[in-house]
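Colleague: This is structure02.csv (CSV, C-alpha atoms).
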```csv
chain,number,residue,atom,x,y,z
Y,1,MET,CA,25.9,8.0,-15.2
Y,2,TYR,CA,23.0,7.3,-12.9
Y,3,ASP,CA,21.6,10.7,-11.9
Y,4,ILE,CA,19.6,9.8,-8.8
Y,5,GLN,CA,18.5,13.4,-8.1
Y,6,ALA,CA,17.1,13.7,-11.7
Y,7,ILE,CA,15.3,10.4,-11.3
Y,8,ARG,CA,13.8,11.4,-8.0
Y,9,ALA,CA,12.6,14.7,-9.5
Y,10,GLU,CA,10.4,12.6,-11.9
Y,11,PHE,CA,8.4,11.2,-8.9
Y,12,PRO,CA,6.2,14.0,-7.5
Y,13,ILE,CA,5.3,12.2,-4.3
Y,14,LEU,CA,8.9,12.0,-3.1
Y,15,SER,CA,8.8,15.7,-2.4
Y,16,ARG,CA,6.1,15.4,0.3
Y,17,GLN,CA,6.4,15.1,4.0
Y,18,VAL,CA,4.8,12.5,6.3
Y,19,ASN,CA,4.3,13.3,10.0
Y,20,GLY,CA,6.5,16.4,9.5
Y,21,LYS,CA,9.4,14.3,8.1
Y,22,PRO,CA,10.6,13.9,4.6
Y,23,LEU,CA,9.0,10.8,3.1
Y,24,VAL,CA,11.3,7.8,2.9
Y,25,TYR,CA,9.4,5.3,0.8
Y,26,LEU,CA,10.7,1.8,1.4
Y,27,ASP,CA,7.5,-0.2,0.6
Y,28,ASN,CA,8.4,-0.7,-3.1
Y,29,GLY,CA,8.0,-4.5,-2.8
Y,30,ALA,CA,4.3,-3.9,-2.2
Y,31,SER,CA,3.8,-1.1,-4.8
Y,32,ALA,CA,6.1,1.4,-6.3
Y,33,GLN,CA,5.5,5.1,-6.8
Y,34,LYS,CA,4.7,6.6,-10.2
Y,35,PRO,CA,6.8,8.9,-12.3
Y,36,ARG,CA,5.5,12.0,-14.0
Y,37,ALA,CA,5.6,10.2,-17.4
Y,38,VAL,CA,3.0,7.7,-16.2
Y,39,ILE,CA,0.8,10.2,-14.5
Y,40,GLU,CA,0.8,12.5,-17.6
Y,41,ALA,CA,0.2,9.6,-20.0
Y,42,MET,CA,-2.9,8.4,-18.0
Y,43,ASN,CA,-4.2,12.0,-17.6
Y,44,THR,CA,-3.9,12.6,-21.3
Y,45,ALA,CA,-5.6,9.3,-22.1
Y,46,TYR,CA,-8.5,10.1,-19.9
Y,47,SER,CA,-8.8,13.8,-20.7
Y,48,MET,CA,-8.1,13.9,-24.4
Y,49,GLU,CA,-8.0,10.4,-26.0
Y,50,TYR,CA,-10.5,8.2,-24.2
Y,51,ALA,CA,-12.9,5.8,-26.0
Y,52,ASN,CA,-13.5,2.1,-25.9
Y,53,VAL,CA,-11.0,0.0,-27.9
Y,54,HIS,CA,-11.4,-2.5,-30.8
Y,55,ARG,CA,-15.1,-1.6,-31.3
Y,56,GLY,CA,-15.4,1.7,-33.1
Y,57,LEU,CA,-14.4,3.3,-36.4
Y,58,HIS,CA,-14.4,6.8,-35.1
Y,59,PHE,CA,-11.2,8.8,-34.5
Y,60,LEU,CA,-11.0,8.5,-30.7
Y,61,SER,CA,-11.7,4.8,-30.7
Y,62,ASN,CA,-8.9,4.2,-33.3
Y,63,LEU,CA,-6.5,6.5,-31.3
Y,64,ALA,CA,-7.2,4.7,-28.0
Y,65,THR,CA,-6.9,1.3,-29.7
Y,66,ASP,CA,-3.5,2.3,-31.2
Y,67,LYS,CA,-2.2,3.6,-27.9
Y,68,TYR,CA,-3.5,0.5,-26.0
Y,69,GLU,CA,-2.3,-2.1,-28.5
Y,70,SER,CA,1.2,-0.4,-28.7
Y,71,VAL,CA,1.8,-1.5,-25.1
Y,72,ARG,CA,1.8,-5.1,-26.2
Y,73,GLY,CA,5.0,-4.4,-28.2
Y,74,ILE,CA,6.5,-2.4,-25.4
Y,75,ILE,CA,6.0,-5.3,-23.0
Y,76,ALA,CA,7.5,-7.8,-25.5
Y,77,ARG,CA,10.6,-5.6,-25.8
Y,78,PHE,CA,10.9,-5.2,-22.1
Y,79,LEU,CA,10.8,-9.0,-21.6
Y,80,ASN,CA,12.6,-9.8,-24.9
Y,81,ALA,CA,9.7,-12.0,-26.0
Y,82,PRO,CA,9.9,-13.2,-29.6
Y,83,SER,CA,6.7,-11.6,-30.6
Y,84,GLU,CA,4.0,-9.3,-29.1
Y,85,ASP,CA,1.6,-12.1,-29.9
Y,86,ASN,CA,3.2,-13.9,-26.9
Y,87,ILE,CA,1.9,-11.2,-24.5
Y,88,VAL,CA,-1.6,-11.5,-22.9
Y,89,PHE,CA,-2.7,-8.4,-21.0
Y,90,THR,CA,-3.9,-9.0,-17.4
Y,91,THR,CA,-4.7,-6.9,-14.4
Y,92,GLY,CA,-1.5,-8.2,-12.7
Y,93,THR,CA,0.4,-11.3,-11.8
Y,94,THR,CA,-2.4,-12.7,-9.7
Y,95,GLU,CA,-4.7,-12.8,-12.7
Y,96,GLY,CA,-1.9,-14.0,-15.0
Y,97,ILE,CA,-1.2,-17.1,-12.8
Y,98,ASN,CA,-4.9,-17.8,-12.3
Y,99,LEU,CA,-5.3,-17.6,-16.1
Y,100,ILE,CA,-2.7,-20.4,-16.5
Y,101,SER,CA,-4.3,-22.4,-13.7
Y,102,TYR,CA,-7.8,-22.2,-15.3
Y,103,ALA,CA,-6.9,-22.2,-19.0
Y,104,TRP,CA,-3.9,-24.5,-19.2
Y,105,ALA,CA,-3.6,-26.6,-16.0
Y,106,ALA,CA,-7.2,-27.4,-15.1
Y,107,PRO,CA,-8.1,-29.1,-18.4
Y,108,ARG,CA,-5.1,-31.3,-18.4
Y,109,LEU,CA,-4.2,-32.2,-14.8
Y,110,GLN,CA,-5.6,-35.4,-13.3
Y,111,PRO,CA,-5.9,-36.6,-9.7
Y,112,GLY,CA,-2.4,-37.4,-8.4
Y,113,ASP,CA,-0.7,-35.1,-10.9
Y,114,GLU,CA,1.8,-32.7,-9.3
Y,115,VAL,CA,2.7,-29.1,-9.3
Y,116,VAL,CA,6.2,-28.3,-7.8
Y,117,LEU,CA,6.4,-25.1,-5.8
Y,118,SER,CA,9.1,-23.4,-3.6
Y,119,VAL,CA,8.3,-22.4,-0.1
Y,120,MET,CA,9.2,-18.8,-1.0
Y,121,GLU,CA,6.2,-18.3,-3.3
Y,122,HIS,CA,3.8,-15.4,-2.9
Y,123,HIS,CA,0.2,-16.5,-2.2
Y,124,ALA,CA,-0.7,-15.5,-5.8
Y,125,ASN,CA,1.5,-18.4,-6.9
Y,126,ILE,CA,0.1,-20.8,-4.3
Y,127,VAL,CA,-3.6,-20.4,-4.0
Y,128,PRO,CA,-4.4,-21.1,-7.6
Y,129,TRP,CA,-2.7,-24.4,-7.3
Y,130,HIS,CA,-4.5,-25.1,-4.0
Y,131,PHE,CA,-7.7,-24.6,-6.1
Y,132,LEU,CA,-6.6,-27.5,-8.2
Y,133,ARG,CA,-5.7,-29.6,-5.1
Y,134,GLU,CA,-9.1,-29.0,-3.7
Y,135,ARG,CA,-11.1,-29.5,-6.8
Y,136,GLN,CA,-9.2,-32.0,-8.9
Y,137,GLY,CA,-6.9,-33.9,-6.5
Y,138,VAL,CA,-3.7,-32.3,-7.7
Y,139,VAL,CA,-0.7,-32.8,-5.4
Y,140,LEU,CA,1.5,-29.8,-4.4
Y,141,LYS,CA,5.2,-30.7,-3.9
Y,142,TRP,CA,7.2,-28.2,-1.9
Y,143,VAL,CA,10.9,-27.4,-2.1
Y,144,ASP,CA,12.5,-25.5,0.8
Y,145,CYS,CA,15.1,-22.7,0.7
Y,146,ASP,CA,18.1,-22.9,3.0
Y,147,ALA,CA,18.8,-20.8,6.1
Y,148,LYS,CA,20.3,-18.0,3.9
Y,149,GLY,CA,17.2,-17.9,1.7
Y,150,ASP,CA,18.8,-19.6,-1.3
Y,151,LEU,CA,16.7,-22.0,-3.4
Y,152,ASP,CA,18.9,-24.7,-5.0
Y,153,PRO,CA,17.8,-25.1,-8.6
Y,154,GLN,CA,18.8,-28.8,-8.5
Y,155,ALA,CA,16.6,-29.4,-5.5
Y,156,VAL,CA,13.7,-28.1,-7.6
Y,157,ILE,CA,14.7,-30.3,-10.6
Y,158,ASP,CA,15.1,-33.3,-8.3
Y,159,ALA,CA,11.5,-32.8,-7.0
Y,160,ILE,CA,10.2,-33.4,-10.5
Y,161,GLY,CA,8.7,-36.9,-10.7
Y,162,PRO,CA,6.8,-38.9,-13.3
Y,163,ARG,CA,3.5,-37.2,-12.3
Y,164,THR,CA,4.8,-33.7,-12.2
Y,165,ARG,CA,3.0,-31.5,-14.8
Y,166,LEU,CA,4.2,-28.0,-13.9
Y,167,VAL,CA,6.9,-26.2,-11.9
Y,168,ALA,CA,5.8,-22.8,-10.6
Y,169,VAL,CA,8.5,-20.7,-9.0
Y,170,THR,CA,9.4,-17.1,-8.3
Y,171,GLN,CA,12.5,-15.4,-9.7
Y,172,MET,CA,12.9,-13.2,-6.6
Y,173,SER,CA,11.5,-13.6,-3.2
Y,174,ASN,CA,9.3,-10.7,-2.2
Y,175,VAL,CA,10.3,-11.3,1.5
Y,176,LEU,CA,14.0,-12.1,1.4
Y,177,GLY,CA,15.1,-10.6,-1.9
Y,178,SER,CA,16.7,-14.0,-2.9
Y,179,VAL,CA,17.2,-14.4,-6.6
Y,180,VAL,CA,16.4,-17.8,-8.0
Y,181,ASP,CA,18.3,-19.3,-11.0
Y,182,VAL,CA,15.1,-19.9,-13.0
Y,183,ALA,CA,17.0,-20.5,-16.2
Y,184,ALA,CA,18.7,-23.5,-14.6
Y,185,ILE,CA,15.3,-24.7,-13.4
Y,186,CYS,CA,13.8,-24.3,-16.8
Y,187,ARG,CA,16.7,-26.3,-18.5
Y,188,GLY,CA,16.3,-29.1,-16.0
Y,189,ALA,CA,12.5,-29.2,-16.0
Y,190,GLN,CA,12.1,-29.1,-19.7
Y,191,ALA,CA,14.7,-31.8,-20.2
Y,192,LYS,CA,12.0,-33.9,-18.3
Y,193,GLY,CA,9.2,-32.5,-20.4
Y,194,VAL,CA,7.8,-30.3,-17.7
Y,195,PRO,CA,6.7,-26.7,-18.3
Y,196,VAL,CA,7.8,-23.8,-16.0
Y,197,LEU,CA,5.8,-20.8,-14.8
Y,198,VAL,CA,7.9,-18.0,-13.4
Y,199,ASP,CA,6.5,-15.3,-11.1
Y,200,GLY,CA,8.4,-12.2,-12.2
Y,201,SER,CA,6.5,-9.7,-10.0
Y,202,GLN,CA,9.6,-8.7,-8.0
Y,203,SER,CA,12.4,-9.6,-10.4
Y,204,ALA,CA,11.2,-7.6,-13.4
Y,205,VAL,CA,11.5,-4.3,-11.6
Y,206,HIS,CA,15.0,-4.9,-10.2
Y,207,MET,CA,16.9,-6.6,-13.1
Y,208,PRO,CA,16.9,-7.1,-16.9
Y,209,VAL,CA,14.6,-10.0,-17.9
Y,210,ASP,CA,15.0,-12.1,-21.0
Y,211,VAL,CA,12.3,-14.7,-21.3
Y,212,GLN,CA,14.1,-16.3,-24.2
Y,213,ALA,CA,17.3,-16.7,-22.3
Y,214,ILE,CA,15.4,-18.0,-19.2
Y,215,GLY,CA,13.5,-20.5,-21.4
Y,216,CYS,CA,10.3,-20.4,-19.4
Y,217,ASP,CA,6.9,-21.3,-20.6
Y,218,PHE,CA,5.0,-18.6,-18.7
Y,219,PHE,CA,6.4,-15.3,-17.1
Y,220,ALA,CA,4.0,-13.0,-15.2
Y,221,ILE,CA,4.5,-9.3,-14.4
Y,222,THR,CA,2.4,-6.8,-12.5
Y,223,GLY,CA,2.3,-3.1,-13.4
Y,224,HIS,CA,2.0,-1.5,-10.0
Y,225,LYS,CA,5.4,-2.8,-8.9
Y,226,LEU,CA,7.0,-1.6,-12.2
Y,227,TYR,CA,6.2,2.1,-11.4
Y,228,GLY,CA,3.0,1.7,-13.4
Y,229,PRO,CA,-0.7,1.8,-12.2
Y,230,SER,CA,-2.5,-0.9,-10.3
Y,231,GLY,CA,-4.8,-3.0,-12.5
Y,232,SER,CA,-2.2,-3.4,-15.2
Y,233,GLY,CA,0.0,-6.3,-16.1
Y,234,ALA,CA,0.8,-9.1,-18.5
Y,235,ILE,CA,1.9,-12.6,-18.9
Y,236,TYR,CA,4.3,-14.0,-21.5
Y,237,ILE,CA,3.2,-17.4,-22.8
Y,238,ARG,CA,5.2,-19.6,-25.1
Y,239,PRO,CA,3.3,-20.2,-28.3
Y,240,GLU,CA,3.2,-24.0,-27.8
Y,241,ARG,CA,1.6,-23.5,-24.4
Y,242,MET,CA,-0.8,-20.9,-25.7
Y,243,ALA,CA,-2.1,-23.3,-28.3
Y,244,GLU,CA,-2.9,-25.8,-25.5
Y,245,MET,CA,-5.0,-23.3,-23.5
Y,246,ARG,CA,-8.8,-23.0,-23.5
Y,247,PRO,CA,-10.5,-19.6,-23.0
Y,248,PHE,CA,-10.9,-18.6,-19.3
Y,249,LEU,CA,-13.3,-15.7,-19.5
Y,250,GLY,CA,-16.1,-15.3,-22.0
Y,251,GLY,CA,-17.3,-12.1,-23.5
Y,252,GLY,CA,-16.5,-9.4,-26.0
Y,253,ASP,CA,-13.2,-9.2,-27.9
Y,254,MET,CA,-12.3,-12.9,-27.3
Y,255,ILE,CA,-14.8,-14.1,-29.8
Y,256,ARG,CA,-14.9,-14.2,-33.6
Y,257,GLU,CA,-18.5,-15.2,-34.1
Y,258,VAL,CA,-21.4,-16.0,-31.8
Y,259,THR,CA,-24.7,-17.6,-32.9
Y,260,ARG,CA,-27.5,-19.3,-31.0
Y,261,ASP,CA,-25.9,-22.6,-31.4
Y,262,ALA,CA,-22.2,-22.1,-31.5
Y,263,VAL,CA,-19.3,-19.8,-30.8
Y,264,SER,CA,-15.9,-19.4,-32.4
Y,265,TYR,CA,-13.0,-17.7,-30.7
Y,266,ASN,CA,-10.6,-15.0,-31.7
Y,267,ASP,CA,-6.9,-15.6,-32.3
Y,268,ALA,CA,-4.5,-15.5,-29.3
Y,269,PRO,CA,-3.6,-13.4,-27.4
Y,270,MET,CA,-7.0,-11.7,-27.6
Y,271,LYS,CA,-8.7,-15.1,-27.2
Y,272,PHE,CA,-7.7,-14.7,-23.5
Y,273,GLU,CA,-8.8,-11.1,-23.1
Y,274,ALA,CA,-12.5,-10.9,-22.6
Y,275,GLY,CA,-14.5,-7.7,-22.0
Y,276,THR,CA,-13.6,-4.0,-21.9
Y,277,PRO,CA,-10.0,-3.9,-20.7
Y,278,GLY,CA,-8.2,-1.6,-18.4
Y,279,ILE,CA,-7.4,0.7,-21.3
Y,280,VAL,CA,-5.8,3.6,-19.4
Y,281,GLN,CA,-4.1,1.3,-16.9
Y,282,GLN,CA,-2.2,-0.5,-19.7
Y,283,ILE,CA,-1.3,2.8,-21.4
Y,284,GLY,CA,0.2,3.8,-18.0
Y,285,LEU,CA,2.1,0.5,-17.9
Y,286,GLY,CA,3.5,1.2,-21.3
Y,287,ALA,CA,4.7,4.6,-20.2
Y,288,ALA,CA,6.3,3.1,-17.1
Y,289,LEU,CA,8.2,0.4,-19.0
Y,290,THR,CA,9.3,3.0,-21.6
Y,291,PHE,CA,10.6,5.2,-18.7
Y,292,LEU,CA,12.5,2.2,-17.3
Y,293,MET,CA,14.0,1.2,-20.6
Y,294,GLU,CA,15.1,4.7,-21.3
Y,295,ILE,CA,17.1,4.8,-18.0
Y,296,GLY,CA,18.3,1.2,-18.6
Y,297,MET,CA,17.5,-1.8,-16.5
Y,298,ASP,CA,21.3,-2.5,-16.2
Y,299,GLN,CA,21.8,0.9,-14.7
Y,300,ILE,CA,18.9,0.5,-12.3
Y,301,ALA,CA,20.1,-2.9,-11.2
Y,302,ALA,CA,23.6,-1.5,-10.6
Y,303,HIS,CA,22.2,1.4,-8.5
Y,304,GLU,CA,20.2,-1.0,-6.4
Y,305,ARG,CA,23.2,-3.3,-5.8
Y,306,ARG,CA,25.1,-0.4,-4.4
Y,307,LEU,CA,22.2,0.5,-2.3
Y,308,ARG,CA,21.8,-3.1,-1.1
Y,309,ASP,CA,25.4,-3.3,-0.1
Y,310,TYR,CA,25.2,-0.1,1.8
Y,311,ALA,CA,22.0,-1.1,3.6
Y,312,GLN,CA,23.5,-4.5,4.4
Y,313,ALA,CA,26.5,-2.9,6.0
Y,314,ARG,CA,24.5,-0.4,8.0
Y,315,LEU,CA,21.8,-2.9,9.1
Y,316,SER,CA,24.3,-5.6,10.0
Y,317,GLY,CA,25.8,-3.1,12.5
Y,318,LEU,CA,22.7,-3.3,14.6
Y,319,ASN,CA,23.4,-6.3,16.7
Y,320,TRP,CA,19.8,-6.4,18.0
Y,321,LEU,CA,18.3,-6.5,14.5
Y,322,ASN,CA,17.4,-10.0,13.2
Y,323,ILE,CA,17.6,-10.0,9.4
Y,324,GLN,CA,15.8,-12.9,7.7
Y,325,GLY,CA,17.9,-14.5,5.0
Y,326,ASN,CA,21.3,-13.4,3.7
Y,327,SER,CA,21.4,-14.8,0.2
Y,328,ALA,CA,24.4,-13.8,-1.9
Y,329,GLY,CA,23.3,-11.6,-4.8
Y,330,LYS,CA,20.0,-10.9,-3.2
Y,331,GLY,CA,17.9,-7.9,-4.3
Y,332,ALA,CA,17.6,-4.7,-2.2
Y,333,ILE,CA,14.9,-6.2,0.1
Y,334,PHE,CA,15.4,-6.7,3.8
Y,335,SER,CA,13.0,-8.4,6.2
Y,336,PHE,CA,13.7,-8.1,9.9
Y,337,THR,CA,12.5,-8.3,13.4
Y,338,LEU,CA,13.9,-6.7,16.6
Y,339,GLU,CA,15.0,-8.8,19.6
Y,340,GLY,CA,12.4,-8.7,22.4
Y,341,ALA,CA,8.7,-8.4,22.3
Y,342,ALA,CA,8.2,-5.7,19.7
Y,343,HIS,CA,5.7,-6.8,17.0
Y,344,ALA,CA,6.4,-5.9,13.4
Y,345,HIS,CA,3.3,-3.7,13.4
Y,346,ASP,CA,4.6,-1.7,16.3
Y,347,ILE,CA,8.0,-1.3,14.6
Y,348,SER,CA,6.3,-0.1,11.4
Y,349,THR,CA,4.2,2.4,13.4
Y,350,VAL,CA,7.2,3.9,15.0
Y,351,LEU,CA,9.1,4.1,11.7
Y,352,ASP,CA,6.1,5.8,10.1
Y,353,LYS,CA,6.3,8.6,12.8
Y,354,ARG,CA,9.8,9.3,11.4
Y,355,GLY,CA,8.4,9.4,7.8
Y,356,VAL,CA,9.8,5.9,6.9
Y,357,ALA,CA,7.3,3.7,5.1
Y,358,VAL,CA,7.9,0.0,5.4
Y,359,ARG,CA,5.6,-3.1,5.2
Y,360,ALA,CA,4.8,-5.2,8.2
Y,361,GLY,CA,3.1,-8.6,8.4
Y,362,THR,CA,3.4,-11.9,6.6
Y,363,HIS,CA,3.8,-10.3,3.1
Y,364,CYS,CA,1.4,-12.8,1.5
Y,365,ALA,CA,4.0,-15.6,2.1
Y,366,MET,CA,2.7,-17.6,5.1
Y,367,PRO,CA,4.5,-20.9,4.2
Y,368,LEU,CA,7.8,-19.0,4.1
Y,369,MET,CA,7.1,-17.3,7.4
Y,370,GLU,CA,6.4,-20.8,9.0
Y,371,HIS,CA,9.6,-22.1,7.4
Y,372,MET,CA,11.6,-19.3,8.9
Y,373,GLY,CA,9.9,-19.7,12.3
Y,374,VAL,CA,8.6,-16.1,12.5
Y,375,GLY,CA,5.0,-14.8,12.8
Y,376,ALA,CA,5.6,-11.5,11.0
Y,377,THR,CA,8.4,-9.3,9.9
Y,378,CYS,CA,9.0,-5.7,8.8
Y,379,ARG,CA,10.2,-5.3,5.3
Y,380,ALA,CA,12.2,-2.5,3.8
Y,381,SER,CA,12.2,-2.8,0.0
Y,382,PHE,CA,14.2,-0.3,-2.1
Y,383,GLY,CA,13.7,1.0,-5.6
Y,384,MET,CA,15.3,3.0,-8.3
Y,385,TYR,CA,14.8,6.3,-6.6
Y,386,ASN,CA,16.0,5.4,-3.1
Y,387,THR,CA,19.3,6.8,-1.7
Y,388,GLU,CA,21.9,6.1,0.9
Y,389,VAL,CA,20.6,9.0,2.9
Y,390,GLU,CA,17.3,7.1,3.1
Y,391,VAL,CA,19.1,4.0,4.4
Y,392,ASP,CA,20.6,6.2,7.1
Y,393,ALA,CA,17.1,7.5,7.9
Y,394,LEU,CA,15.8,3.9,8.3
Y,395,VAL,CA,18.7,3.0,10.6
Y,396,SER,CA,18.1,6.1,12.7
Y,397,ALA,CA,14.4,5.2,13.0
Y,398,LEU,CA,15.3,1.6,13.9
Y,399,GLU,CA,17.6,2.9,16.7
Y,400,LEU,CA,14.7,4.8,18.1
Y,401,CYS,CA,12.6,1.7,18.0
Y,402,HIS,CA,15.3,-0.2,19.9
Y,403,ASP,CA,15.4,2.5,22.5
Y,404,LEU,CA,11.6,2.4,22.9
Y,405,PHE,CA,11.2,-1.4,23.1
Y,406,ALA,CA,14.4,-2.4,24.8
```
Show how you would write the structure in this file as structure tokens.

Modeller:
Amino acid sequence: MYDIQAIRAEFPILSRQVNGKPLVYLDNGASAQKPRAVIEAMNTAYSMEYANVHRGLHFLSNLATDKYESVRGIIARFLNAPSEDNIVFTTGTTEGINLISYAWAAPRLQPGDEVVLSVMEHHANIVPWHFLRERQGVVLKWVDCDAKGDLDPQAVIDAIGPRTRLVAVTQMSNVLGSVVDVAAICRGAQAKGVPVLVDGSQSAVHMPVDVQAIGCDFFAITGHKLYGPSGSGAIYIRPERMAEMRPFLGGGDMIREVTRDAVSYNDAPMKFEAGTPGIVQQIGLGAALTFLMEIGMDQIAAHERRLRDYAQARLSGLNWLNIQGNSAGKGAIFSFTLEGAAHAHDISTVLDKRGVAVRAGTHCAMPLMEHMGVGATCRASFGMYNTEVEVDALVSALELCHDLFA
């Protein structure tokens, strides 16, 4: 049984008020709130267990190293990776994708080589490939979603040509909530010998992820959306691809030996983790993923499907609300505009006065905004602790907006 009240009780911030109203936090797509388990794990790490990792023989250094390195195994279990050695720690998905761009793609892509992208990508899965376009003459090939927000896997596969060297695609749109069949894309792409990078920033928090079943070469996650701290994250890398990568950042931990004339590198994954890491941030991420796995990602996904269906029914009843995308099986993410001249920022401001927190703008997805023909939207994105009562609060606040701007 999914005990929503018990789960909400684990998130201290949900008990506060905003502008004299109970907080209704619907900005989970940008960053999720943190459960007590994460807050306490980080507090303990700073107050009782802190030292630098990998570099000392004293008690605290060994303790911090054990706590920090244990997170690699937690992430591997969360993603069902074959080994914790497939997991490279990052500060989040943005760094993870940039790592692949610099360490894997840049050394091997030539002018005229192609990277296939969908129009639904977050800028973090666009800009690193634009770097290669600007600096190395790489060609970006775009695949559009349809009016419902669905991305046809076969359209992505069909876009692969003889010069395609990588497919980079999201598993869930951060704007529309559309879920992409990345396993089908991986099967089709790899039949043509093309690796696939999956942006799992949105999907990993809403559904179970199995990188072995997906069959991807790279899968990036970010901690702050997974109820963990900002500055934490990881990327799964298939061993064959990891062997093809050159180091991206140089410094401590990623080396084996340094002399005046030469340098030899550490084994992967540490080969790609230079410098003093975000020790406490990764410990917090480990606590967050443990919290999620104890509840069960299947249970969380089922709760969010119920919430999505209820929100869909309520929001669809507002005939002056324009919902962008209506993909079957989408996640509990709704982007919308109001008929008339009300800007998304104005709508968000009015909602905030009612204690309802939503995101407004382009959501780091300008190509998708252009494709949909809108300049900006409001986005209500739900998480494991949201309720039907909060959906009702959103609808009530939107009705107030309509009355103000009609």

Colleague: What is the CA of Phe131 in chain Y to CA of Leu368 in chain Y distance in Å?

Modeller: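 For CA of Phe131 in chain Y relative to CA of Leu368 in chain Y, the distance reads 19.4 Å.
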
Colleague: Pick out the residues sitting within 8 Å of Phe89 in chain Y, and hand them over as a PyMOL selection string; count all atoms listed in the file, and ignore anything fewer than 5 positions along from it in its own chain.

Modeller: chain Y and resi 72+232-235+273

Colleague: Report the distance between CA of Leu351 in chain Y and CA of Ala6 in chain Y in Å, rounded to one decimal place.

Modeller: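 Between CA of Leu351 in chain Y and CA of Ala6 in chain Y the gap works out to 26.5 Å.
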
Colleague: Taking only residues of range 282-353 of chain Y that have an atom at most 9 Å from an atom of range 204-221 of chain Y, what is each one's shortest atom pair and its distance in Å to one decimal, using all atoms listed in the file, in chain and number order, as JSON lines?

Modeller:
```
{"residue": "Y:Leu292", "atom": "CA", "partner": "Y:Val205", "partner_atom": "CA", "distance": 8.7}
{"residue": "Y:Gly296", "atom": "CA", "partner": "Y:Pro208", "partner_atom": "CA", "distance": 8.6}
{"residue": "Y:Met297", "atom": "CA", "partner": "Y:Pro208", "partner_atom": "CA", "distance": 5.3}
{"residue": "Y:Asp298", "atom": "CA", "partner": "Y:Pro208", "partner_atom": "CA", "distance": 6.4}
{"residue": "Y:Ile300", "atom": "CA", "partner": "Y:His206", "partner_atom": "CA", "distance": 7.0}
{"residue": "Y:Ala301", "atom": "CA", "partner": "Y:Met207", "partner_atom": "CA", "distance": 5.2}
{"residue": "Y:Ala302", "atom": "CA", "partner": "Y:Met207", "partner_atom": "CA", "distance": 8.8}
{"residue": "Y:Glu304", "atom": "CA", "partner": "Y:His206", "partner_atom": "CA", "distance": 7.5}
{"residue": "Y:Gly331", "atom": "CA", "partner": "Y:His206", "partner_atom": "CA", "distance": 7.2}
{"residue": "Y:Ala332", "atom": "CA", "partner": "Y:His206", "partner_atom": "CA", "distance": 8.4}
```

Colleague: May I ask for the distance between CA of Thr387 in chain Y and CA of Leu307 in chain Y, given in Å to one decimal place?

Modeller: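 Taking CA of Thr387 in chain Y as the start and CA of Leu307 in chain Y as the end point, the length is 7.0 Å.
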
Colleague: I need the residue nearest Gln282 in chain Y from this list: Y:Gly29, Y:Gly340, Y:Gly193, Y:Gly73. Use all atoms listed in the file for the distance.

Modeller: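 Closest to Gln282 in chain Y, using all atoms listed in the file: Y:Gly73.
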
Colleague: Rank Y:Glu399, Y:Ala147, Y:Val138, Y:Met384 by their smallest atom-to-atom distance to Gln5 in chain Y, using all atoms listed in the file, and report the top residue only.

Modeller: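 Counting all atoms listed in the file, the residue closest to Gln5 in chain Y is Y:Met384.
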
Colleague: I'd like to know which of Y:Asn322, Y:Ser173, Y:Thr91, Y:Ser316 is closest to Ala365 in chain Y, using all atoms listed in the file.

Modeller: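 Closest candidate: Y:Ser173.
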
Colleague: So, with only C-alpha atoms as the atoms that count, which of Y:Arg238, Y:His58, Y:His345, Y:Arg260 lies closest to Pro82 in chain Y?

Modeller: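 Under the stated criterion, the closest residue is Y:Arg238.
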